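Structure data follow from coords_21.cif (mmCIF, C-alpha atoms):
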```cif
data_protein
loop_
_atom_site.label_atom_id
_atom_site.label_comp_id
_atom_site.auth_asym_id
_atom_site.auth_seq_id
_atom_site.Cartn_x
_atom_site.Cartn_y
_atom_site.Cartn_z
CA MET D 1 43.98 119.70 -10.23
CA ARG D 2 44.85 117.95 -13.51
CA MET D 3 45.65 114.29 -14.10
CA TYR D 4 48.37 115.35 -16.58
CA ASP D 5 50.23 117.21 -13.83
CA ILE D 6 49.96 114.24 -11.43
CA ILE D 7 51.40 111.86 -14.04
CA MET D 8 54.28 114.23 -14.83
CA LYS D 9 55.04 114.81 -11.15
CA LYS D 10 55.37 111.08 -10.46
CA ARG D 11 57.22 110.49 -13.76
CA ASN D 12 59.83 112.99 -12.55
CA GLY D 13 60.24 111.11 -9.27
CA ARG D 14 58.46 113.53 -6.96
CA GLU D 15 56.16 112.54 -4.10
CA LEU D 16 52.40 112.83 -4.66
CA SER D 17 50.28 114.48 -1.97
CA LYS D 18 47.39 112.73 -0.25
CA GLU D 19 45.01 115.09 -2.11
CA GLU D 20 46.49 114.19 -5.50
CA ILE D 21 46.21 110.46 -4.80
CA HIS D 22 42.59 110.80 -3.65
CA PHE D 23 41.80 112.90 -6.73
CA PHE D 24 43.13 110.12 -8.96
CA VAL D 25 41.43 107.21 -7.12
CA ASP D 26 38.06 108.98 -6.89
CA GLY D 27 38.14 110.11 -10.52
CA TYR D 28 39.23 106.73 -11.87
CA THR D 29 36.61 104.84 -9.82
CA ARG D 30 33.85 107.12 -11.16
CA GLY D 31 35.09 106.69 -14.76
CA GLU D 32 36.14 110.34 -15.12
CA ILE D 33 39.83 109.50 -15.62
CA PRO D 34 40.49 107.30 -18.69
CA ASP D 35 42.44 104.04 -18.68
CA TYR D 36 45.31 105.52 -20.69
CA GLN D 37 46.03 108.14 -18.03
CA ALA D 38 45.66 105.61 -15.20
CA SER D 39 48.05 103.27 -17.09
CA ALA D 40 50.58 106.08 -17.44
CA LEU D 41 50.47 106.77 -13.70
CA MET D 42 50.80 103.06 -12.85
CA MET D 43 53.89 102.80 -15.07
CA ALA D 44 55.37 105.95 -13.50
CA ILE D 45 54.78 104.45 -10.04
CA TYR D 46 56.31 101.16 -11.20
CA PHE D 47 59.58 102.86 -12.13
CA GLN D 48 59.72 105.71 -9.59
CA LYS D 49 58.15 103.75 -6.70
CA MET D 50 56.13 105.27 -3.84
CA SER D 51 57.08 106.54 -0.40
CA GLN D 52 55.48 105.06 2.72
CA GLN D 53 53.22 108.12 2.96
CA GLU D 54 52.09 107.72 -0.65
CA THR D 55 51.45 103.98 -0.18
CA SER D 56 49.33 104.61 2.93
CA ALA D 57 47.37 107.34 1.15
CA LEU D 58 46.73 105.07 -1.86
CA THR D 59 45.58 102.23 0.42
CA MET D 60 43.12 104.42 2.34
CA ALA D 61 41.78 106.04 -0.85
CA MET D 62 41.06 102.61 -2.34
CA ALA D 63 39.55 101.31 0.92
CA ARG D 64 37.19 104.31 1.01
CA SER D 65 36.25 104.05 -2.68
CA GLY D 66 33.30 101.83 -1.70
CA ASP D 67 31.64 100.39 1.39
CA ILE D 68 33.46 100.03 4.71
CA LEU D 69 31.86 97.10 6.55
CA ASP D 70 30.54 97.96 10.01
CA LEU D 71 31.04 94.88 12.19
CA SER D 72 30.36 96.68 15.48
CA ALA D 73 27.25 94.53 16.04
CA ILE D 74 29.50 91.46 16.35
CA ARG D 75 30.54 90.86 19.94
CA GLY D 76 34.26 90.64 20.71
CA ILE D 77 37.46 91.53 18.85
CA LYS D 78 37.17 90.54 15.19
CA VAL D 79 40.40 89.10 13.76
CA ASP D 80 40.76 88.57 10.01
CA LYS D 81 43.35 86.40 8.29
CA HIS D 82 44.65 86.85 4.75
CA SER D 83 46.93 84.62 2.71
CA THR D 84 48.86 85.80 -0.33
CA GLY D 85 47.98 82.41 -1.84
CA GLY D 86 49.68 79.26 -2.98
CA VAL D 87 49.23 75.62 -3.94
CA GLY D 88 47.21 73.44 -1.57
CA ASP D 89 46.40 76.43 0.63
CA LYS D 90 43.30 75.22 2.44
CA THR D 91 44.26 77.00 5.67
CA SER D 92 41.00 78.90 6.23
CA LEU D 93 39.02 75.63 6.18
CA ALA D 94 40.80 74.30 9.29
CA LEU D 95 42.04 77.49 10.91
CA THR D 96 38.76 79.41 11.19
CA PRO D 97 36.87 76.70 13.14
CA MET D 98 39.90 76.21 15.41
CA VAL D 99 40.01 79.93 16.21
CA ALA D 100 36.21 80.23 16.55
CA ALA D 101 36.19 77.25 18.94
CA CYS D 102 38.62 79.23 21.12
CA GLY D 103 36.22 82.19 21.33
CA ILE D 104 37.52 84.55 18.63
CA PRO D 105 34.69 85.63 16.27
CA VAL D 106 35.54 84.95 12.62
CA ALA D 107 33.73 87.22 10.16
CA LYS D 108 35.46 86.59 6.85
CA MET D 109 35.02 87.62 3.25
CA SER D 110 36.51 85.25 0.70
CA GLY D 111 36.63 84.95 -3.06
CA ARG D 112 36.62 82.35 -5.77
CA GLY D 113 39.84 81.17 -7.31
CA LEU D 114 41.28 82.06 -10.68
CA GLY D 115 44.23 79.89 -11.62
CA HIS D 116 45.70 76.76 -10.03
CA THR D 117 42.86 75.68 -7.74
CA GLY D 118 39.62 77.10 -6.47
CA GLY D 119 39.35 79.75 -3.79
CA THR D 120 37.95 79.21 -0.31
CA ILE D 121 34.37 79.56 -1.54
CA ASP D 122 34.86 76.96 -4.29
CA LYS D 123 36.31 74.51 -1.78
CA LEU D 124 33.45 75.06 0.67
CA GLU D 125 30.96 74.29 -2.11
CA SER D 126 32.23 70.70 -1.90
CA PHE D 127 29.60 70.51 0.86
CA PRO D 128 26.30 70.04 -1.06
CA GLY D 129 24.02 73.07 -0.62
CA PHE D 130 26.66 75.35 0.93
CA THR D 131 26.23 79.03 0.06
CA THR D 132 28.07 82.26 0.82
CA ALA D 133 25.20 84.38 -0.53
CA LEU D 134 24.35 85.85 2.88
CA THR D 135 22.80 89.20 3.69
CA THR D 136 24.85 91.40 6.01
CA GLU D 137 22.28 90.69 8.74
CA GLN D 138 22.62 86.90 8.31
CA PHE D 139 26.40 87.24 8.24
CA ILE D 140 26.52 89.14 11.54
CA ASP D 141 23.86 86.91 13.14
CA ASN D 142 25.78 83.73 12.25
CA VAL D 143 28.99 85.10 13.77
CA ASN D 144 27.20 86.08 16.98
CA LYS D 145 25.41 82.70 17.23
CA ILE D 146 28.11 80.20 16.26
CA GLY D 147 31.28 82.31 16.05
CA ILE D 148 31.98 81.99 12.33
CA ALA D 149 30.61 83.07 8.93
CA ILE D 150 32.13 83.42 5.48
CA MET D 151 30.50 85.40 2.71
CA GLY D 152 31.50 86.31 -0.83
CA GLN D 153 33.26 89.59 -1.52
CA THR D 154 30.83 92.29 -2.54
CA ALA D 155 31.31 94.46 -5.63
CA ASP D 156 31.13 97.53 -3.38
CA LEU D 157 34.18 96.55 -1.32
CA ALA D 158 37.21 98.58 -2.50
CA PRO D 159 35.94 98.90 -6.11
CA ALA D 160 38.95 101.09 -7.01
CA ASP D 161 41.25 98.16 -6.31
CA LYS D 162 39.26 95.81 -8.53
CA LYS D 163 39.36 98.29 -11.39
CA LEU D 164 43.04 99.18 -10.93
CA TYR D 165 44.15 95.56 -10.58
CA ALA D 166 42.46 94.62 -13.87
CA LEU D 167 44.34 97.50 -15.52
CA ARG D 168 47.71 96.58 -13.93
CA ASP D 169 47.23 92.96 -14.99
CA VAL D 170 47.29 93.92 -18.69
CA THR D 171 49.89 96.72 -18.51
CA ALA D 172 52.77 94.84 -16.82
CA THR D 173 52.52 96.91 -13.61
CA VAL D 174 51.45 94.23 -11.12
CA ASP D 175 54.91 93.59 -9.67
CA ASN D 176 55.42 96.69 -7.53
CA LEU D 177 55.65 96.51 -3.73
CA SER D 178 53.49 99.57 -2.99
CA LEU D 179 50.80 98.56 -5.51
CA ILE D 180 50.66 94.98 -4.19
CA ALA D 181 50.55 96.07 -0.53
CA SER D 182 47.88 98.72 -1.10
CA SER D 183 45.76 96.28 -3.13
CA ILE D 184 45.71 93.66 -0.35
CA MET D 185 45.38 96.05 2.57
CA SER D 186 42.65 98.22 1.02
CA LYS D 187 40.35 95.18 0.95
CA LYS D 188 41.35 94.06 4.45
CA LEU D 189 40.71 97.52 5.93
CA ALA D 190 37.36 97.83 4.13
CA ALA D 191 36.31 94.41 5.48
CA GLY D 192 36.03 95.89 8.97
CA ALA D 193 38.13 93.61 11.20
CA ASP D 194 39.73 94.97 14.37
CA ALA D 195 42.97 93.03 13.80
CA ILE D 196 44.58 91.41 10.76
CA VAL D 197 46.94 88.41 10.58
CA LEU D 198 48.73 88.11 7.22
CA ASP D 199 50.15 84.85 5.86
CA VAL D 200 52.80 85.97 3.35
CA LYS D 201 54.00 83.04 1.24
CA THR D 202 57.43 82.69 -0.32
CA GLY D 203 58.87 80.08 -2.69
CA SER D 204 58.21 78.52 -6.09
CA GLY D 205 54.44 78.35 -5.55
CA ALA D 206 54.09 81.90 -4.19
CA PHE D 207 53.72 85.30 -5.81
CA MET D 208 56.86 86.39 -3.96
CA LYS D 209 59.45 83.78 -5.00
CA ASP D 210 62.29 85.38 -3.05
CA GLU D 211 62.19 85.48 0.78
CA LYS D 212 63.71 88.97 0.85
CA ASP D 213 60.85 90.29 -1.31
CA ALA D 214 58.27 88.48 0.84
CA ARG D 215 59.71 90.09 3.98
CA ALA D 216 59.63 93.55 2.37
CA LEU D 217 55.97 93.05 1.41
CA ALA D 218 55.09 91.77 4.89
CA GLU D 219 56.79 94.73 6.56
CA GLU D 220 54.99 97.20 4.31
CA MET D 221 51.56 95.65 4.94
CA VAL D 222 52.12 95.56 8.70
CA ARG D 223 53.12 99.23 8.60
CA ILE D 224 50.01 100.15 6.57
CA GLY D 225 47.71 98.25 8.93
CA LYS D 226 49.20 99.84 12.03
CA SER D 227 49.06 103.33 10.49
CA ALA D 228 45.33 102.72 9.91
CA GLY D 229 44.86 101.86 13.59
CA ARG D 230 44.54 98.08 13.15
CA LYS D 231 46.63 95.56 15.05
CA THR D 232 48.50 93.82 12.22
CA ILE D 233 50.83 90.81 12.32
CA ALA D 234 52.54 89.03 9.42
CA VAL D 235 53.77 85.43 9.26
CA ILE D 236 56.17 84.56 6.43
CA SER D 237 55.63 80.90 5.48
CA ASP D 238 57.10 78.43 3.04
CA MET D 239 55.48 77.74 -0.33
CA ASP D 240 58.40 76.00 -2.06
CA GLN D 241 56.31 72.83 -2.18
CA PRO D 242 52.53 72.32 -1.86
CA LEU D 243 51.06 72.98 1.60
CA GLY D 244 50.09 69.68 3.18
CA CYS D 245 49.53 66.84 0.72
CA ALA D 246 46.20 67.55 -1.01
CA VAL D 247 45.89 69.83 -4.06
CA GLY D 248 42.33 70.13 -5.41
CA ASN D 249 39.09 71.36 -3.93
CA ALA D 250 37.27 68.43 -2.27
CA LEU D 251 40.63 66.75 -1.59
CA GLU D 252 41.76 69.85 0.34
CA VAL D 253 38.47 69.93 2.26
CA LYS D 254 39.04 66.31 3.30
CA GLU D 255 42.59 67.15 4.43
CA ALA D 256 41.32 70.11 6.46
CA ILE D 257 38.73 67.84 8.13
CA ASP D 258 41.38 65.19 8.81
CA THR D 259 43.47 67.94 10.44
CA LEU D 260 40.57 68.87 12.74
CA LYS D 261 40.33 65.17 13.62
CA GLY D 262 43.98 65.23 14.69
CA HIS D 263 45.47 63.59 11.59
CA GLY D 264 46.79 66.54 9.58
CA PRO D 265 50.11 66.77 7.71
CA GLU D 266 52.89 68.15 9.89
CA ASP D 267 53.57 71.31 7.86
CA PHE D 268 49.89 72.21 7.57
CA VAL D 269 49.26 71.69 11.30
CA GLU D 270 52.29 73.87 12.12
CA LEU D 271 51.00 76.70 9.91
CA CYS D 272 47.49 76.53 11.42
CA LEU D 273 48.86 76.57 14.98
CA THR D 274 51.19 79.49 14.19
CA LEU D 275 48.56 81.63 12.47
CA GLY D 276 45.92 80.66 15.02
CA SER D 277 48.23 81.62 17.89
CA GLN D 278 48.73 85.08 16.40
CA MET D 279 44.95 85.45 15.97
CA LEU D 280 44.32 84.50 19.61
CA LEU D 281 47.01 86.93 20.78
CA ALA D 282 45.58 89.72 18.59
CA GLY D 283 42.08 89.01 19.89
CA GLY D 284 43.17 89.04 23.54
CA ARG D 285 42.25 85.39 24.16
CA ALA D 286 45.81 84.41 25.08
CA GLN D 287 48.79 86.22 26.55
CA THR D 288 51.57 84.00 25.17
CA GLU D 289 52.13 81.96 22.02
CA GLU D 290 52.53 78.82 24.13
CA SER D 291 49.15 79.20 25.83
CA ALA D 292 47.51 80.06 22.49
CA ARG D 293 48.91 76.89 20.87
CA ARG D 294 47.65 74.82 23.80
CA MET D 295 44.14 76.26 23.39
CA LEU D 296 44.13 75.51 19.67
CA GLN D 297 45.45 71.98 20.14
CA GLU D 298 42.81 71.39 22.81
CA ALA D 299 40.12 72.52 20.34
CA ILE D 300 41.34 69.74 18.02
CA ASP D 301 41.79 67.11 20.75
CA THR D 302 38.32 67.65 22.27
CA GLY D 303 36.55 67.75 18.89
CA SER D 304 35.21 71.28 19.48
CA ALA D 305 36.91 72.64 16.33
CA LEU D 306 35.39 69.86 14.20
CA LYS D 307 31.98 70.52 15.77
CA LYS D 308 32.40 74.23 15.00
CA LEU D 309 33.08 73.41 11.33
CA ALA D 310 29.89 71.31 11.19
CA GLU D 311 27.84 74.13 12.78
CA PHE D 312 29.29 76.62 10.30
CA VAL D 313 28.58 74.42 7.25
CA GLU D 314 25.01 73.76 8.41
CA ALA D 315 24.34 77.43 9.18
CA GLN D 316 25.21 78.28 5.56
CA GLY D 317 22.99 75.62 4.00
CA GLY D 318 25.57 72.85 3.57
CA ASP D 319 25.26 69.16 4.36
CA SER D 320 27.29 68.89 7.58
CA ARG D 321 27.22 65.07 7.48
CA ALA D 322 30.29 65.26 5.22
CA VAL D 323 32.26 66.76 8.13
CA TYR D 324 31.94 63.45 9.96
CA ASP D 325 31.90 61.22 6.85
CA THR D 326 34.26 62.59 4.19
CA GLY D 327 33.12 59.81 1.84
CA LEU D 328 30.14 62.06 1.09
CA LEU D 329 32.40 64.70 -0.53
CA PRO D 330 32.73 64.75 -4.36
CA LYS D 331 34.90 61.89 -5.64
CA ALA D 332 36.73 61.43 -8.94
CA ARG D 333 36.09 58.31 -11.06
CA LEU D 334 39.80 57.59 -11.61
CA VAL D 335 42.27 57.33 -8.74
CA GLN D 336 45.69 56.14 -9.85
CA PRO D 337 49.26 56.27 -8.55
CA ILE D 338 52.07 58.26 -10.14
CA PRO D 339 55.06 55.91 -9.69
CA ALA D 340 58.56 57.22 -8.99
CA PRO D 341 60.84 56.72 -12.01
CA ALA D 342 63.85 56.07 -9.74
CA GLY D 343 64.79 55.53 -6.12
CA GLY D 344 66.37 58.13 -3.84
CA TYR D 345 65.23 61.24 -1.97
CA VAL D 346 62.69 63.74 -3.22
CA SER D 347 64.91 66.80 -3.56
CA ARG D 348 62.52 69.27 -5.20
CA ILE D 349 58.86 69.70 -6.12
CA VAL D 350 58.25 72.73 -8.32
CA CYS D 351 55.21 73.99 -6.47
CA ASP D 352 53.41 76.07 -9.09
CA GLU D 353 53.75 73.19 -11.58
CA VAL D 354 51.76 70.94 -9.22
CA GLY D 355 49.08 73.64 -9.17
CA ILE D 356 49.02 73.61 -12.97
CA CYS D 357 48.56 69.82 -12.89
CA SER D 358 45.40 70.34 -10.83
CA LEU D 359 44.27 73.03 -13.27
CA MET D 360 44.80 70.65 -16.21
CA LEU D 361 42.58 68.07 -14.49
CA GLY D 362 39.80 70.68 -14.14
CA GLY D 363 40.44 71.74 -10.55
CA GLY D 364 40.98 75.43 -11.33
CA ARG D 365 39.80 78.21 -13.63
CA GLU D 366 41.59 79.43 -16.74
CA THR D 367 38.91 82.13 -17.14
CA LYS D 368 36.31 83.52 -14.73
CA GLU D 369 33.61 81.61 -16.65
CA SER D 370 35.34 78.21 -16.31
CA GLU D 371 33.48 75.49 -14.40
CA ILE D 372 35.53 73.82 -11.67
CA ASP D 373 35.53 70.05 -11.16
CA LEU D 374 35.54 69.86 -7.35
CA SER D 375 36.54 66.17 -7.25
CA VAL D 376 39.88 66.22 -9.11
CA GLY D 377 43.45 66.91 -8.02
CA LEU D 378 46.48 65.22 -6.53
CA VAL D 379 47.45 63.90 -3.11
CA LEU D 380 51.21 63.78 -2.52
CA CYS D 381 52.54 60.55 -1.01
CA LYS D 382 56.07 61.94 -0.73
CA LYS D 383 57.37 65.42 0.04
CA VAL D 384 60.80 67.03 -0.12
CA GLY D 385 63.28 65.04 1.99
CA ASP D 386 61.28 61.80 1.90
CA ARG D 387 62.86 58.54 0.73
CA VAL D 388 61.18 56.88 -2.25
CA GLU D 389 61.83 53.58 -4.04
CA ALA D 390 61.54 53.15 -7.81
CA GLY D 391 57.90 52.39 -8.68
CA GLU D 392 56.60 53.59 -5.31
CA PRO D 393 53.83 56.23 -5.61
CA LEU D 394 54.98 59.85 -5.51
CA ALA D 395 51.34 60.95 -5.55
CA MET D 396 47.81 59.72 -6.15
CA LEU D 397 46.09 61.35 -9.09
CA HIS D 398 42.30 61.94 -8.94
CA ALA D 399 40.75 62.50 -12.38
CA ASN D 400 37.62 62.10 -14.45
CA ASP D 401 39.28 62.17 -17.90
CA PRO D 402 42.00 59.60 -18.79
CA GLY D 403 43.58 61.97 -21.36
CA LYS D 404 43.88 64.80 -18.85
CA ALA D 405 45.20 62.34 -16.27
CA ALA D 406 48.03 61.26 -18.59
CA GLN D 407 49.00 64.88 -19.32
CA ALA D 408 48.92 65.80 -15.63
CA GLU D 409 51.04 62.76 -14.69
CA GLU D 410 53.69 63.70 -17.26
CA ARG D 411 53.80 67.29 -15.98
CA PHE D 412 53.94 66.22 -12.34
CA LEU D 413 56.91 63.90 -12.97
CA ALA D 414 58.73 66.75 -14.73
CA ALA D 415 58.14 68.92 -11.63
CA CYS D 416 59.72 66.39 -9.23
CA SER D 417 63.44 65.80 -8.75
CA ILE D 418 64.92 62.72 -7.08
CA SER D 419 68.53 62.64 -5.91
CA GLY D 420 70.85 60.29 -4.07
CA THR D 421 71.36 62.57 -1.08
CA MET D 422 68.85 63.90 1.41
CA PRO D 423 68.20 67.62 0.80
CA ASN D 424 67.91 70.28 3.49
CA LYS D 425 64.28 70.85 4.45
CA SER D 426 63.06 74.43 4.44
CA PRO D 427 61.30 75.48 7.69
CA MET D 428 57.55 76.06 7.41
CA ILE D 429 57.68 79.34 9.34
CA LYS D 430 60.34 81.77 8.13
CA ALA D 431 59.54 84.72 10.37
CA ILE D 432 56.81 86.42 12.43
CA LEU D 433 56.56 90.22 12.20
CA PRO D 434 54.48 91.55 15.12
#
```

Structure encoded using structure tokens:
Amino acid sequence: MRMYDIIMKKRNGRELSKEEIHFFVDGYTRGEIPDYQASALMMAIYFQKMSQQETSALTMAMARSGDILDLSAIRGIKVDKHSTGGVGDKTSLALTPMVAACGIPVAKMSGRGLGHTGGTIDKLESFPGFTTALTTEQFIDNVNKIGIAIMGQTADLAPADKKLYALRDVTATVDNLSLIASSIMSKKLAAGADAIVLDVKTGSGAFMKDEKDARALAEEMVRIGKSAGRKTIAVISDMDQPLGCAVGNALEVKEAIDTLKGHGPEDFVELCLTLGSQMLLAGGRAQTEESARRMLQEAIDTGSALKKLAEFVEAQGGDSRAVYDTGLLPKARLVQPIPAPAGGYVSRIVCDEVGICSLMLGGGRETKESEIDLSVGLVLCKKVGDRVEAGEPLAMLHANDPGKAAQAEERFLAACSISGTMPNKSPMIKAILP
């Protein structure tokens, strides 16, 4: 088998066999196939696309390129959740303790952020002392004891995907449905969960800007998961404005805690209840969405979800006092309003621009080596559809550098539109694909 023949076959629009795809993935992972041949194949796939059979074969080859986590020692049905990412997406911080409090074991691998804001691990490090550097034994033991553990992604989990994604990122071949779906699902399958709930974002702050594209991606990932024998559900959710109100690491942690105390923003609560319901259904803890939502709401109302978050933080070395007193979380020196330049209705907030504002303040990484300032960010006072008077705060800006604060304020105002008529609000949940 020759790589030249595989490239030419795909260039000419023919379907690759499972053996040819495995030959490529194995050889590229081991360094036997050079970048220039891998780049040529990626470009051929970009233009000629892949069949469902090819996409499934690529996903499984990448999943098996490294370790497959064995979570059989964890009692119960393990349900994983994955988000395609967005601005203010602190969902795992509130959702996982809610689900764990309802009896579904949460064994999750998460990463650090690169871009707008930090990843789940960065946000959790707002708790002093918190660590995700767990051994596999500690990870499994924590899940069995308290129902939840989150550890950092290992280098041995789907290494082919890591290598291929870096190549696609610099060869303009990221934006292909099969390559995106196989990248996400290879990691999810290797992570060992019994069932997977996918949160596929769409809108100005999402990777998939168009809802039709988001649905196509969701359908493909559900199909891949089911073909691999995993119960897989996708929720398509809105990311045309920031999720909730807080954008920035410690600020998002505080909002997640407030949500577990029963005071969360309406859109964020709705997303957590929807995703959580699907996780409880997938894990066999509930038979209907209505009963699942009741269980999750009860976990908030009784305080058991908040208690579960505190147990989880403490078990991983963090100071759990901040769960009950959010004043102990990192705080910025400057907190100032961004006043509305005119009165009317907020008609648009360009979501990814708000993420860039947080990045400018120091709340995200421009390179992997960048240090994140956990205390900075923005908290929206108004969202799309809300009435605002001239001079009234659109958002509160949290900063440690007056120069960066001024730049972020200017960019935020450019990202907001105010009109004389109330706009139509986009629903939080666009669709559920079981």

On this structure, which residues satisfy the PyMOL selection byres ((chain D and resi 108) around 10), written as a PDB file with C-alpha atoms, keeping the file's coordinate frame?
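File produced: result36.pdb:
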```pdb
ATOM      1  CA  LYS D  78      37.170  90.540  15.190  1.00  0.00           C
ATOM      2  CA  VAL D  79      40.400  89.100  13.760  1.00  0.00           C
ATOM      3  CA  ASP D  80      40.760  88.570  10.010  1.00  0.00           C
ATOM      4  CA  LYS D  81      43.350  86.400   8.290  1.00  0.00           C
ATOM      5  CA  HIS D  82      44.650  86.850   4.750  1.00  0.00           C
ATOM      6  CA  SER D  92      41.000  78.900   6.230  1.00  0.00           C
ATOM      7  CA  THR D  96      38.760  79.410  11.190  1.00  0.00           C
ATOM      8  CA  PRO D 105      34.690  85.630  16.270  1.00  0.00           C
ATOM      9  CA  VAL D 106      35.540  84.950  12.620  1.00  0.00           C
ATOM     10  CA  ALA D 107      33.730  87.220  10.160  1.00  0.00           C
ATOM     11  CA  MET D 109      35.020  87.620   3.250  1.00  0.00           C
ATOM     12  CA  SER D 110      36.510  85.250   0.700  1.00  0.00           C
ATOM     13  CA  PHE D 139      26.400  87.240   8.240  1.00  0.00           C
ATOM     14  CA  VAL D 143      28.990  85.100  13.770  1.00  0.00           C
ATOM     15  CA  ILE D 148      31.980  81.990  12.330  1.00  0.00           C
ATOM     16  CA  ALA D 149      30.610  83.070   8.930  1.00  0.00           C
ATOM     17  CA  ILE D 150      32.130  83.420   5.480  1.00  0.00           C
ATOM     18  CA  MET D 151      30.500  85.400   2.710  1.00  0.00           C
ATOM     19  CA  GLY D 152      31.500  86.310  -0.830  1.00  0.00           C
ATOM     20  CA  GLN D 153      33.260  89.590  -1.520  1.00  0.00           C
ATOM     21  CA  LYS D 188      41.350  94.060   4.450  1.00  0.00           C
ATOM     22  CA  ALA D 191      36.310  94.410   5.480  1.00  0.00           C
ATOM     23  CA  GLY D 192      36.030  95.890   8.970  1.00  0.00           C
ATOM     24  CA  ALA D 193      38.130  93.610  11.200  1.00  0.00           C
TER      25      ALA D 193
END
```

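Going from CA of Glu392 in chain D to CA of Gly355 in chain D covers 21.8 Å.
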
Original post:
To one decimal place, how far is CA of Met208 in chain D from CA of Thr91 in chain D in Å?
Top reply: 18.4 Å

Original post:
Mind pulling up the distance from CA of Ala100 in chain D to CA of Val313 in chain D?
Top reply: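 These two atoms are separated by 13.4 Å.
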
Would you kindly identify which residues have an atom no farther than 10 Å from (61.6, 112.3, -5.5), using all atoms listed in the file and the file's own coordinates, and write them out as a PDB file with C-alpha atoms, in the coordinates of the input?
```pdb
ATOM      1  CA  LYS D   9      55.040 114.810 -11.150  1.00  0.00           C
ATOM      2  CA  LYS D  10      55.370 111.080 -10.460  1.00  0.00           C
ATOM      3  CA  ARG D  11      57.220 110.490 -13.760  1.00  0.00           C
ATOM      4  CA  ASN D  12      59.830 112.990 -12.550  1.00  0.00           C
ATOM      5  CA  GLY D  13      60.240 111.110  -9.270  1.00  0.00           C
ATOM      6  CA  ARG D  14      58.460 113.530  -6.960  1.00  0.00           C
ATOM      7  CA  GLU D  15      56.160 112.540  -4.100  1.00  0.00           C
ATOM      8  CA  LEU D  16      52.400 112.830  -4.660  1.00  0.00           C
ATOM      9  CA  GLN D  48      59.720 105.710  -9.590  1.00  0.00           C
ATOM     10  CA  LYS D  49      58.150 103.750  -6.700  1.00  0.00           C
ATOM     11  CA  MET D  50      56.130 105.270  -3.840  1.00  0.00           C
ATOM     12  CA  SER D  51      57.080 106.540  -0.400  1.00  0.00           C
TER      13      SER D  51
END
```

Original post:
So what does the PyMOL selection byres ((chain D and resi 128) around 12) actually pick up in this one, as a ChimeraX atom specification?
Top reply: /D:122-127,129-131,250,313-314,316-323,328-330,374

Run the PyMOL selection byres ((chain D and resi 54) around 9) against the file shown and list the residues it catches, as a JSON list (two decimals) with C-alpha atoms, keeping the file's coordinate frame.
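Generated output (out-v3.json):
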```
[["chain", "number", "residue", "atom", "x", "y", "z"],
["D", 15, "GLU", "CA", 56.16, 112.54, -4.10],
["D", 16, "LEU", "CA", 52.40, 112.83, -4.66],
["D", 17, "SER", "CA", 50.28, 114.48, -1.97],
["D", 18, "LYS", "CA", 47.39, 112.73, -0.25],
["D", 21, "ILE", "CA", 46.21, 110.46, -4.80],
["D", 50, "MET", "CA", 56.13, 105.27, -3.84],
["D", 51, "SER", "CA", 57.08, 106.54, -0.40],
["D", 52, "GLN", "CA", 55.48, 105.06, 2.72],
["D", 53, "GLN", "CA", 53.22, 108.12, 2.96],
["D", 55, "THR", "CA", 51.45, 103.98, -0.18],
["D", 56, "SER", "CA", 49.33, 104.61, 2.93],
["D", 57, "ALA", "CA", 47.37, 107.34, 1.15],
["D", 58, "LEU", "CA", 46.73, 105.07, -1.86],
["D", 59, "THR", "CA", 45.58, 102.23, 0.42],
["D", 178, "SER", "CA", 53.49, 99.57, -2.99]]
```

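In this comparison, which uses all atoms listed in the file, the residue of D:Arg168, D:Ala101, D:Asp301, D:Ile68 approaching Ala38 in chain D most closely is D:Arg168.
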
**OP:** Give the answer as one residue: which of D:Gly147, D:Pro337, D:Gly377, D:Gly343 has the shortest atom-to-atom distance to Gly362 in chain D, using all atoms listed in the file?
**Re:**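 So, comparing all the options, the nearest one is D:Gly377.
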
**OP:** Using all atoms listed in the file, find the one residue out of D:Ile180, D:Ala190, D:Leu198, D:Ala216 that sits nearest to Pro434 in chain D.
**Re:**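 Of all the options, D:Leu198 lies closest to Pro434 in chain D.
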
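If you measure from each of D:Val388, D:Ile121, D:Ala94, D:Ala61 to Gly264 in chain D using all atoms listed in the file, the closest one turns out to be D:Ala94.
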
Take range 76-81 of chain D, bring it up to N, CA and C atoms, and give me the output as a PDB file, in the coordinates of the input.
```pdb
ATOM      1  N   GLY D  76      32.868  91.062  20.607  1.00  0.00           N
ATOM      2  CA  GLY D  76      34.260  90.640  20.710  1.00  0.00           C
ATOM      3  C   GLY D  76      35.165  91.313  19.694  1.00  0.00           C
ATOM      4  N   ILE D  77      36.451  90.979  19.774  1.00  0.00           N
ATOM      5  CA  ILE D  77      37.460  91.530  18.850  1.00  0.00           C
ATOM      6  C   ILE D  77      37.492  90.658  17.602  1.00  0.00           C
ATOM      7  N   LYS D  78      37.200  91.276  16.455  1.00  0.00           N
ATOM      8  CA  LYS D  78      37.170  90.540  15.190  1.00  0.00           C
ATOM      9  C   LYS D  78      38.566  90.490  14.586  1.00  0.00           C
ATOM     10  N   VAL D  79      39.059  89.274  14.326  1.00  0.00           N
ATOM     11  CA  VAL D  79      40.400  89.100  13.760  1.00  0.00           C
ATOM     12  C   VAL D  79      40.275  88.443  12.390  1.00  0.00           C
ATOM     13  N   ASP D  80      40.798  89.113  11.367  1.00  0.00           N
ATOM     14  CA  ASP D  80      40.760  88.570  10.010  1.00  0.00           C
ATOM     15  C   ASP D  80      42.114  87.967   9.678  1.00  0.00           C
ATOM     16  N   LYS D  81      42.111  87.026   8.753  1.00  0.00           N
ATOM     17  CA  LYS D  81      43.350  86.400   8.290  1.00  0.00           C
ATOM     18  C   LYS D  81      43.368  86.455   6.767  1.00  0.00           C
TER      19      LYS D  81
END
```
